[in-house]
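Engineer: run_2.cif is reproduced below (mmCIF, C-alpha atoms).
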```cif
data_input
loop_
_atom_site.label_atom_id
_atom_site.label_comp_id
_atom_site.auth_asym_id
_atom_site.auth_seq_id
_atom_site.Cartn_x
_atom_site.Cartn_y
_atom_site.Cartn_z
CA MET A 26 -2.90 -26.72 39.72
CA ASN A 27 -5.73 -28.72 38.26
CA GLU A 28 -6.31 -30.86 35.16
CA TYR A 29 -6.66 -27.74 33.00
CA THR A 30 -3.43 -25.98 33.95
CA TYR A 31 -1.15 -27.60 31.37
CA PRO A 32 -3.65 -27.51 28.49
CA ILE A 33 -4.31 -23.81 29.13
CA LEU A 34 -0.61 -23.06 29.34
CA PHE A 35 -0.07 -25.02 26.15
CA GLY A 36 -2.86 -23.18 24.32
CA VAL A 37 -1.61 -19.75 25.39
CA ILE A 38 1.93 -20.56 24.30
CA VAL A 39 0.71 -21.82 20.92
CA GLY A 40 -1.33 -18.61 20.48
CA VAL A 41 1.50 -16.27 21.40
CA VAL A 42 3.96 -18.14 19.20
CA THR A 43 1.48 -17.93 16.30
CA ARG A 44 1.18 -14.16 16.84
CA LEU A 45 4.97 -13.75 16.98
CA TYR A 46 5.28 -15.79 13.83
CA LEU A 47 2.76 -13.57 12.03
CA LEU A 48 4.39 -10.41 13.37
CA LYS A 49 7.30 -10.06 11.04
CA THR A 50 8.75 -6.58 10.67
CA ASP A 51 9.92 -6.30 7.09
CA TYR A 52 11.04 -3.50 4.78
CA ARG A 53 7.94 -1.49 5.70
CA GLN A 54 9.21 -1.17 9.28
CA TYR A 55 5.71 -1.50 10.60
CA PRO A 56 4.85 -2.17 13.38
CA THR A 57 7.81 -0.20 14.60
CA TYR A 58 10.48 -2.19 16.34
CA LEU A 59 9.95 -2.93 20.02
CA HIS A 60 7.31 -0.47 21.18
CA GLY A 61 4.86 -1.05 18.35
CA LYS A 62 5.53 -4.76 18.62
CA ILE A 63 4.87 -4.97 22.34
CA ILE A 64 1.31 -3.74 21.82
CA HIS A 65 0.61 -6.52 19.37
CA ILE A 66 2.30 -9.24 21.40
CA ALA A 67 0.25 -8.19 24.43
CA LEU A 68 -2.97 -8.26 22.43
CA GLY A 69 -1.93 -11.61 20.98
CA PHE A 70 -1.51 -12.91 24.52
CA ILE A 71 -5.04 -11.77 25.41
CA ALA A 72 -6.39 -13.37 22.24
CA ALA A 73 -4.57 -16.61 23.05
CA GLY A 74 -6.00 -16.59 26.56
CA LEU A 75 -9.54 -16.10 25.29
CA GLY A 76 -9.26 -18.89 22.73
CA THR A 77 -7.76 -21.28 25.26
CA VAL A 78 -10.12 -20.71 28.15
CA ALA A 79 -13.15 -21.27 25.92
CA VAL A 80 -12.42 -25.01 25.79
CA PRO A 81 -12.45 -25.79 29.54
CA ALA A 82 -15.46 -23.48 29.86
CA ILE A 83 -17.41 -25.66 27.43
CA MET A 84 -16.25 -28.84 29.18
CA GLU A 85 -17.38 -27.53 32.53
CA LYS A 86 -20.75 -26.64 30.96
CA GLU A 87 -20.11 -22.95 31.69
CA PHE A 88 -21.79 -21.85 28.50
CA ALA A 89 -22.30 -18.30 29.69
CA ALA A 90 -18.52 -17.94 29.77
CA ILE A 91 -18.42 -18.32 25.99
CA THR A 92 -20.10 -14.94 25.61
CA PHE A 93 -16.78 -13.29 26.44
CA LEU A 94 -15.72 -14.23 22.92
CA ALA A 95 -18.16 -11.56 21.80
CA LEU A 96 -16.26 -9.14 23.99
CA ALA A 97 -13.09 -10.23 22.23
CA ALA A 98 -14.58 -9.35 18.87
CA SER A 99 -15.27 -5.75 19.90
CA GLN A 100 -11.86 -5.55 21.56
CA PHE A 101 -10.08 -6.52 18.37
CA ARG A 102 -12.21 -4.29 16.21
CA ASP A 103 -10.63 -1.50 18.23
CA VAL A 104 -7.23 -2.78 17.16
CA ARG A 105 -8.28 -2.09 13.60
CA ASN A 106 -9.39 1.43 14.49
CA MET A 107 -6.17 2.08 16.36
CA GLU A 108 -4.02 0.95 13.44
CA ARG A 109 -6.09 2.91 10.96
CA ASN A 110 -5.87 6.12 12.97
CA THR A 111 -2.15 5.82 13.60
CA LEU A 112 -1.31 5.09 9.99
CA ASN A 113 -3.58 7.83 8.69
CA GLU A 114 -1.87 10.35 10.94
CA LEU A 115 1.59 9.21 9.88
CA ASP A 116 0.66 9.14 6.21
CA GLN A 117 0.41 12.91 6.03
CA TYR A 118 4.13 13.18 6.61
CA GLU A 119 5.24 10.55 4.12
CA LEU A 120 6.97 11.81 0.98
CA VAL A 121 5.07 9.15 -0.94
CA PRO A 122 1.97 8.27 1.10
CA ARG A 123 0.67 4.73 1.52
CA GLY A 124 -2.87 5.69 0.59
CA LYS A 125 -6.08 4.84 2.40
CA THR A 126 -6.64 1.49 0.70
CA TYR A 127 -3.25 0.19 1.78
CA ILE A 128 -3.81 1.45 5.32
CA GLU A 129 -7.22 -0.20 5.51
CA GLY A 130 -5.64 -3.42 4.27
CA ILE A 131 -2.97 -3.30 6.98
CA ALA A 132 -5.58 -2.53 9.67
CA ILE A 133 -7.74 -5.47 8.59
CA VAL A 134 -4.75 -7.78 8.70
CA PHE A 135 -3.97 -6.75 12.29
CA GLU A 136 -7.53 -7.51 13.36
CA GLY A 137 -7.68 -10.76 11.39
CA ARG A 138 -4.45 -12.08 12.88
CA ASN A 139 -5.83 -11.87 16.40
CA TYR A 140 -8.76 -14.06 15.38
CA LEU A 141 -6.33 -16.54 13.89
CA VAL A 142 -4.56 -16.60 17.24
CA ILE A 143 -7.86 -17.31 19.04
CA PHE A 144 -8.53 -20.09 16.58
CA ALA A 145 -5.06 -21.63 16.96
CA SER A 146 -5.26 -21.57 20.75
CA PHE A 147 -8.78 -22.97 20.76
CA LEU A 148 -7.91 -25.84 18.41
CA SER A 149 -4.73 -26.90 20.16
CA THR A 150 -6.22 -26.75 23.67
CA PHE A 151 -9.21 -28.71 22.42
CA ALA A 152 -7.00 -31.43 20.92
CA TYR A 153 -4.91 -31.56 24.12
CA LEU A 154 -7.94 -31.94 26.38
CA VAL A 155 -9.91 -34.38 24.23
CA TRP A 156 -7.00 -36.61 23.23
CA ASN A 157 -3.46 -35.91 24.45
CA VAL A 158 -0.56 -33.48 24.23
CA TRP A 159 0.83 -35.03 21.03
CA LEU A 160 -2.36 -34.46 19.13
CA GLY A 161 -2.36 -30.99 20.66
CA ILE A 162 1.00 -30.37 19.02
CA VAL A 163 -0.34 -31.72 15.72
CA ALA A 164 -3.33 -29.35 15.98
CA ALA A 165 -0.94 -26.46 16.73
CA ALA A 166 1.13 -27.31 13.66
CA LEU A 167 -2.00 -27.50 11.52
CA SER A 168 -3.26 -24.13 12.71
CA PHE A 169 0.21 -22.69 12.06
CA ILE A 170 0.05 -23.84 8.47
CA MET A 171 -3.49 -22.49 8.12
CA ALA A 172 -2.52 -19.13 9.60
CA ARG A 173 0.31 -18.91 7.11
CA LYS A 174 -1.93 -19.81 4.20
CA PHE A 175 -4.63 -17.33 5.19
CA MET A 176 -2.20 -14.52 5.77
CA SER A 177 -0.11 -14.60 2.63
CA GLY A 178 -2.16 -12.82 0.02
CA SER A 179 -1.41 -12.71 -3.68
CA ARG A 180 1.26 -10.51 -5.20
CA LEU A 181 1.08 -8.12 -8.11
CA GLY A 182 3.38 -10.39 -10.11
CA ASP A 183 0.56 -12.96 -10.24
CA ILE A 184 -1.75 -10.65 -12.16
CA VAL A 185 0.46 -8.34 -14.23
CA GLU A 186 3.54 -8.42 -16.42
CA VAL A 187 6.09 -5.72 -15.61
CA GLU A 188 8.12 -4.09 -18.34
CA TYR A 189 10.76 -1.34 -18.07
CA VAL A 190 10.44 1.67 -20.36
CA GLU A 191 12.59 4.79 -20.38
CA PRO A 192 10.36 7.82 -19.72
CA HIS A 193 10.44 10.48 -22.44
CA PHE A 194 9.06 13.93 -23.24
CA LYS A 195 6.88 15.07 -26.10
CA GLY A 196 7.05 18.80 -25.74
CA ALA A 197 6.21 19.45 -22.10
CA GLY A 198 4.30 16.18 -21.72
CA LEU A 199 6.01 13.35 -19.82
CA TYR A 200 5.24 9.90 -21.20
CA VAL A 201 5.93 6.36 -20.09
CA ASP A 202 5.64 4.34 -23.29
CA ASP A 203 2.53 5.98 -24.80
CA ILE A 204 0.85 6.73 -21.47
CA TYR A 205 0.68 10.41 -20.57
CA ILE A 206 1.89 11.11 -17.03
CA MET A 207 2.05 14.88 -16.51
CA ASN A 208 3.05 18.25 -17.91
CA ILE A 209 6.43 19.60 -16.81
CA GLY A 210 7.06 23.23 -17.70
CA LEU A 211 10.62 23.85 -16.54
CA GLU A 212 13.48 22.66 -18.72
CA ALA A 213 15.71 22.08 -15.71
CA ARG A 214 13.05 19.79 -14.17
CA ARG A 215 12.73 17.87 -17.43
CA GLU A 216 16.46 17.15 -17.42
CA GLU A 217 16.29 16.07 -13.80
CA ILE A 218 13.37 13.76 -14.55
CA LEU A 219 15.13 12.16 -17.51
CA ARG A 220 18.23 11.63 -15.40
CA TYR A 221 16.56 10.12 -12.33
CA GLY A 222 13.21 8.89 -13.59
CA MET A 223 12.24 5.33 -14.39
CA GLY A 224 9.15 4.12 -16.19
CA PHE A 225 7.34 0.78 -15.96
CA ILE A 226 4.37 -0.61 -17.80
CA LEU A 227 2.08 -2.98 -15.96
CA LYS A 228 0.29 -5.17 -18.43
CA PRO A 229 -2.74 -6.92 -16.87
CA LYS A 230 -2.78 -10.67 -17.52
CA ASN A 231 -6.58 -10.87 -17.63
CA PHE A 232 -9.73 -8.80 -17.43
CA ASP A 233 -10.00 -9.04 -13.62
CA ALA A 234 -6.46 -7.72 -13.21
CA ARG A 235 -7.34 -4.74 -15.34
CA SER A 236 -9.86 -3.49 -12.76
CA THR A 237 -7.61 -4.33 -9.83
CA ILE A 238 -4.65 -2.26 -11.01
CA ALA A 239 -6.99 0.53 -12.07
CA ASN A 240 -7.80 1.06 -8.39
CA LEU A 241 -6.17 4.27 -7.17
CA GLY A 242 -5.33 2.76 -3.80
CA GLN A 243 -3.56 -0.17 -5.42
CA ARG A 244 -1.55 2.20 -7.61
CA GLN A 245 -0.56 4.32 -4.62
CA ALA A 246 0.53 1.17 -2.78
CA ILE A 247 2.86 0.31 -5.69
CA LEU A 248 4.39 3.80 -5.63
CA HIS A 249 4.81 3.69 -1.86
CA ASP A 250 6.47 0.28 -1.87
CA ILE A 251 8.97 1.18 -4.60
CA SER A 252 9.79 4.46 -2.90
CA THR A 253 10.33 2.67 0.40
CA ALA A 254 12.62 0.08 -1.11
CA LEU A 255 14.62 2.19 -3.58
CA GLY A 256 14.46 5.61 -1.96
CA VAL A 257 12.87 8.65 -3.50
CA TYR A 258 14.36 11.64 -5.29
CA ARG A 259 12.17 14.39 -3.93
CA ASP A 260 11.51 16.70 -1.01
CA SER A 261 8.51 18.54 0.34
CA GLY A 262 7.52 21.42 -1.91
CA THR A 263 8.63 19.72 -5.13
CA PRO A 264 5.35 18.43 -6.54
CA ALA A 265 6.93 18.14 -9.98
CA LEU A 266 9.05 15.26 -8.70
CA VAL A 267 6.19 13.15 -7.42
CA PRO A 268 5.94 9.51 -8.55
CA LEU A 269 2.74 8.86 -10.47
CA ALA A 270 0.79 6.00 -11.98
CA LYS A 271 -1.53 6.63 -14.89
CA ARG A 272 -3.79 4.36 -16.85
CA ASP A 273 -4.18 3.68 -20.53
CA LEU A 274 -7.92 3.89 -21.06
CA ASP A 275 -7.88 1.68 -24.14
CA ASP A 276 -6.35 -1.49 -22.81
CA GLY A 277 -6.09 -0.99 -19.04
CA ARG A 278 -2.29 -0.95 -18.89
CA VAL A 279 -0.84 1.20 -16.12
CA GLY A 280 2.22 3.37 -16.60
CA ILE A 281 4.33 3.82 -13.46
CA PHE A 282 6.68 6.76 -13.22
CA ILE A 283 9.08 6.81 -10.28
CA LEU A 284 12.13 8.78 -9.18
CA PRO A 285 14.22 6.39 -7.11
CA GLN A 286 17.46 7.20 -5.38
CA GLU A 287 18.83 3.88 -6.56
CA LYS A 288 18.23 3.34 -10.27
CA ASP A 289 18.24 -0.45 -10.62
CA VAL A 290 15.85 -1.87 -13.21
CA GLU A 291 15.87 -5.50 -12.10
CA LYS A 292 15.41 -4.65 -8.44
CA ALA A 293 12.57 -2.26 -9.21
CA LYS A 294 10.83 -4.91 -11.32
CA ALA A 295 11.17 -7.45 -8.54
CA ILE A 296 9.74 -4.96 -6.03
CA ILE A 297 6.75 -4.18 -8.22
CA ARG A 298 6.04 -7.90 -8.69
CA ASN A 299 6.21 -8.29 -4.92
CA VAL A 300 3.71 -5.54 -4.05
CA PRO A 301 0.71 -7.12 -2.36
CA THR A 302 -2.55 -7.00 -4.28
CA LEU A 303 -4.75 -5.19 -1.81
CA GLU A 304 -7.82 -7.14 -0.71
CA ASN A 305 -9.94 -4.05 -1.09
CA ALA A 306 -8.77 -3.40 -4.63
CA ILE A 307 -9.42 -6.87 -6.02
CA ARG A 308 -12.33 -6.96 -8.46
CA MET A 309 -13.69 -9.99 -10.28
CA PRO A 310 -15.81 -8.74 -13.15
CA THR A 311 -15.56 -12.15 -14.81
CA GLU A 312 -17.44 -13.65 -11.84
CA SER A 313 -20.54 -11.64 -12.61
CA LYS A 314 -23.39 -13.80 -13.97
CA THR A 315 -23.86 -11.61 -17.02
CA ASN A 316 -20.20 -11.90 -17.92
CA GLN A 317 -20.07 -15.65 -17.42
CA ALA A 318 -22.62 -16.12 -20.18
CA GLY A 319 -21.78 -15.19 -23.75
CA ARG A 320 -18.60 -13.54 -25.02
CA VAL A 321 -15.47 -14.07 -22.94
CA LEU A 322 -13.94 -10.84 -21.59
CA ARG A 323 -10.26 -10.27 -22.17
CA MET B 4 -5.43 27.92 3.64
CA THR B 5 -3.93 26.28 0.58
CA VAL B 6 -5.19 27.20 -2.84
CA GLU B 7 -5.13 24.06 -4.95
CA LYS B 8 -5.98 23.27 -8.54
CA MET B 9 -5.87 26.94 -9.43
CA ILE B 10 -3.61 28.97 -11.66
CA LEU B 11 -1.47 30.79 -9.13
CA ALA B 12 0.72 32.65 -11.62
CA VAL B 13 1.26 33.02 -15.34
CA ILE B 14 4.72 33.54 -16.79
CA THR B 15 4.95 34.51 -20.42
CA THR B 16 7.01 36.17 -23.11
CA SER B 17 3.88 36.92 -25.14
CA PRO B 18 1.71 39.19 -22.95
CA HIS B 19 -1.00 39.52 -25.60
CA LYS B 20 -1.94 35.87 -25.03
CA VAL B 21 -2.88 36.41 -21.38
CA ALA B 22 -5.76 38.32 -19.84
CA GLY B 23 -6.16 38.43 -16.10
CA GLY B 24 -4.44 36.47 -13.34
CA VAL B 25 -1.09 37.20 -11.77
CA THR B 26 1.05 37.60 -14.86
CA PHE B 27 4.82 37.90 -15.05
CA ILE B 28 5.98 39.22 -18.38
CA CYS B 29 9.49 38.21 -19.34
CA GLU B 30 11.90 39.38 -22.03
CA ASN B 31 13.08 35.99 -23.20
CA ASN B 32 12.80 32.25 -22.62
CA GLU B 33 15.76 32.19 -20.26
CA GLU B 34 14.21 34.78 -17.96
CA MET B 35 10.86 32.96 -18.15
CA GLN B 36 12.48 29.72 -17.01
CA ARG B 37 14.26 31.49 -14.16
CA VAL B 38 11.15 33.27 -12.90
CA ALA B 39 9.09 30.09 -13.18
CA ALA B 40 11.71 28.11 -11.23
CA SER B 41 11.63 30.66 -8.41
CA LEU B 42 7.85 30.76 -8.34
CA GLU B 43 7.65 26.97 -8.37
CA ALA B 44 9.83 26.83 -5.29
CA ILE B 45 8.04 29.68 -3.52
CA LEU B 46 4.51 28.49 -4.19
CA ASP B 47 5.21 24.73 -3.80
CA GLY B 48 3.56 24.27 -7.16
CA ILE B 49 4.41 22.82 -10.54
CA ALA B 50 5.22 24.88 -13.61
CA HIS B 51 3.18 23.57 -16.53
CA ALA B 52 3.85 24.61 -20.10
CA LEU B 53 0.83 25.49 -22.20
CA SER B 54 3.01 26.48 -25.13
CA ASP B 55 6.65 27.41 -25.67
CA ASP B 56 6.10 30.97 -24.49
CA LEU B 57 3.52 30.43 -21.75
CA LEU B 58 3.95 28.76 -18.36
CA ILE B 59 1.49 28.51 -15.47
CA ILE B 60 2.06 27.58 -11.84
CA VAL B 61 -0.48 25.24 -10.29
CA LYS B 62 -0.49 23.60 -6.89
CA HIS B 63 -1.91 20.06 -6.92
#
```
Would you write out, as structure tokens, the structure that this file holds?
Structural biologist:
Amino acid sequence: MNEYTYPILFGVIVGVVTRLYLLKTDYRQYPTYLHGKIIHIALGFIAAGLGTVAVPAIMEKEFAAITFLALAASQFRDVRNMERNTLNELDQYELVPRGKTYIEGIAIVFEGRNYLVIFASFLSTFAYLVWNVWLGIVAAALSFIMARKFMSGSRLGDIVEVEYVEPHFKGAGLYVDDIYIMNIGLEARREEILRYGMGFILKPKNFDARSTIANLGQRQAILHDISTALGVYRDSGTPALVPLAKRDLDDGRVGIFILPQEKDVEKAKAIIRNVPTLENAIRMPTESKTNQAGRVLR
Amino acid sequence: MTVEKMILAVITTSPHKVAGGVTFICENNEEMQRVAASLEAILDGIAHALSDDLLIIVKH
């Protein structure tokens, strides 16, 4: 026991608690309960340790010791690779795949959260050592709030309006509103699709949103999330029953066609509004210098 | 090997409209629908209608 024991213990606990707090298993059931979680709690513990020990190292003028933070960076980059590989493998056996953009987004989040843990541990240990335990707790609370703010991204409901439309056929062509989805040749399939299918129109609220929902990865994420939450009326070897999202080239609206097991319009709308806007899909054409001058884009 | 984005079979009641490919000629619309449904299941493809008397099977 020395003067650093309690501050280090405090910092590690704050870090691990932050990681647990950020590790919520929701409807996506990922990371998988227990085994998948243990990996991330263990890594969170390591991250917490690294963030905490940095403070006494600086105080003892052991500046060389800080270089192990560089080691941490490469360690946690591997976390991203691990998540990406696992999810990519699993995606091949999903009836409605997540898509690479969604997977990359999840992988980035897993890496990012470990850095947040390092930061939380560092800050609270620092406050404890420089002032006292109470300010340490205040610092922990602050980093908690920051972690929460950083980690809750925007939702699709912020950038689009969702409208329900009954899908219909014009000849063999399946349409959601006036957006063409696909050609269905068999009459029996058409009946099935009209019975189980649901259509939604996503109307972008501004010009930036138009590019974001045009992204194929973002569209796949929407389909995956609805299919996870409401079930999916399909099996392998029935490509005619695949949920699809197609774009209206004129105004950037996106038509979503899904075949849920549970046909509930209000629930489906709420789920679509709740789909995360993927970091990698977000585009800001209005931020470009050329677009900021002159005519306003709509 | 999977053959994708190719016409795997043609099912029609008007054989004069088709030249080449694996063609199934049917007597009437009912038979055409039945053959197409079987082929769709066997080939894991989708039956697309080009016109009322002509269906193709494509795997996407």
Engineer: Between CA of Asp233 (chain A) and CA of Met309 (chain A), what is the spacing in Å?
Structural biologist: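 We find that CA of Met309 (chain A) and CA of Asp233 (chain A) lie 5.1 Å from each other.
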Engineer: So that I can check the surroundings of Val38 (chain B), please list as a list in words every protein, DNA and RNA residue that reaches within 9 Å of it, counting only C-alpha atoms and ignoring chain neighbours fewer than 5 positions away.
Structural biologist: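 That gives Ile14, Phe27, Cys29, Glu33 and Glu43 of chain B.
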Engineer: Point out the residue among A:Thr30, A:Thr92, A:Asn208, A:Ser179 with the least atom-to-atom distance to chain B, counting only C-alpha atoms.
Structural biologist: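 Among A:Thr30, A:Thr92, A:Asn208, A:Ser179, it is A:Asn208 that comes nearest to chain B.
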Engineer: I'd like the interatomic distance between CA of Ile10 (chain B) and CA of Gly48 (chain B), to a tenth of an Å.
Structural biologist: 9.7 Å
Engineer: I'd like to see the residues matched by the PyMOL selection byres ((chain A and resi 107-114) around 8) on this file, and ideally I'd get them as JSON, numbers by chain.
Structural biologist: {"A": [103, 104, 105, 106, 115, 116, 117, 118, 125, 128, 129, 131, 132, 135]}
Engineer: Could you write out as a list of chain:residue names the residues of chain A within 9 Å of chain B, counting only C-alpha atoms?
Structural biologist: A:Gly196, A:Ala197, A:Gly198, A:Met207, A:Asn208, A:Ile209, A:Gly210, A:Leu211, A:Glu212, A:Ala213, A:Arg214, A:Ser261, A:Gly262, A:Thr263, A:Pro264, A:Ala265
Engineer: Given the file above and the PyMOL selection byres ((chain A and resi 41) around 12), which residues are selected, and can you give them as JSON, numbers by chain?
Structural biologist: {"A": [34, 35, 36, 37, 38, 39, 40, 42, 43, 44, 45, 46, 47, 48, 63, 65, 66, 67, 68, 69, 70, 71, 72, 73, 74, 75, 76, 77, 138, 139, 141, 142, 143, 144, 145, 146, 165, 169]}
Engineer: Quick one: write out the picked residues with C-alpha atoms as a short mmCIF file (atom, residue, chain, number, x, y, z; two decimals), in the frame of the given file?
Structural biologist:
```cif
data_model
loop_
_atom_site.label_atom_id
_atom_site.label_comp_id
_atom_site.auth_asym_id
_atom_site.auth_seq_id
_atom_site.Cartn_x
_atom_site.Cartn_y
_atom_site.Cartn_z
CA LEU A 34 -0.61 -23.06 29.34
CA PHE A 35 -0.07 -25.02 26.15
CA GLY A 36 -2.86 -23.18 24.32
CA VAL A 37 -1.61 -19.75 25.39
CA ILE A 38 1.93 -20.56 24.30
CA VAL A 39 0.71 -21.82 20.92
CA GLY A 40 -1.33 -18.61 20.48
CA VAL A 42 3.96 -18.14 19.20
CA THR A 43 1.48 -17.93 16.30
CA ARG A 44 1.18 -14.16 16.84
CA LEU A 45 4.97 -13.75 16.98
CA TYR A 46 5.28 -15.79 13.83
CA LEU A 47 2.76 -13.57 12.03
CA LEU A 48 4.39 -10.41 13.37
CA ILE A 63 4.87 -4.97 22.34
CA HIS A 65 0.61 -6.52 19.37
CA ILE A 66 2.30 -9.24 21.40
CA ALA A 67 0.25 -8.19 24.43
CA LEU A 68 -2.97 -8.26 22.43
CA GLY A 69 -1.93 -11.61 20.98
CA PHE A 70 -1.51 -12.91 24.52
CA ILE A 71 -5.04 -11.77 25.41
CA ALA A 72 -6.39 -13.37 22.24
CA ALA A 73 -4.57 -16.61 23.05
CA GLY A 74 -6.00 -16.59 26.56
CA LEU A 75 -9.54 -16.10 25.29
CA GLY A 76 -9.26 -18.89 22.73
CA THR A 77 -7.76 -21.28 25.26
CA ARG A 138 -4.45 -12.08 12.88
CA ASN A 139 -5.83 -11.87 16.40
CA LEU A 141 -6.33 -16.54 13.89
CA VAL A 142 -4.56 -16.60 17.24
CA ILE A 143 -7.86 -17.31 19.04
CA PHE A 144 -8.53 -20.09 16.58
CA ALA A 145 -5.06 -21.63 16.96
CA SER A 146 -5.26 -21.57 20.75
CA ALA A 165 -0.94 -26.46 16.73
CA PHE A 169 0.21 -22.69 12.06
#
```
Engineer: Nearest to Asp250 (chain A): which of A:Lys62, A:Arg298, A:Arg320, A:Lys314 is it, counting only C-alpha atoms?
Structural biologist: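 Result for the nearest residue to Asp250 (chain A): A:Arg298.
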Engineer: Could you tell me how far CA of Tyr127 (chain A) lies from CA of Leu248 (chain A), in Å and to one decimal?
Structural biologist: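 Value for the CA of Tyr127 (chain A)-CA of Leu248 (chain A) distance: 11.2 Å.
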Engineer: With the PyMOL selection byres ((chain A and resi 303) around 10) as the selection, what would be picked from this file? Answer as an NGL selection string, please.
Structural biologist: :A and (126-131 or 178-181 or 237-238 or 240 or 242-244 or 246 or 300-302 or 304-307)
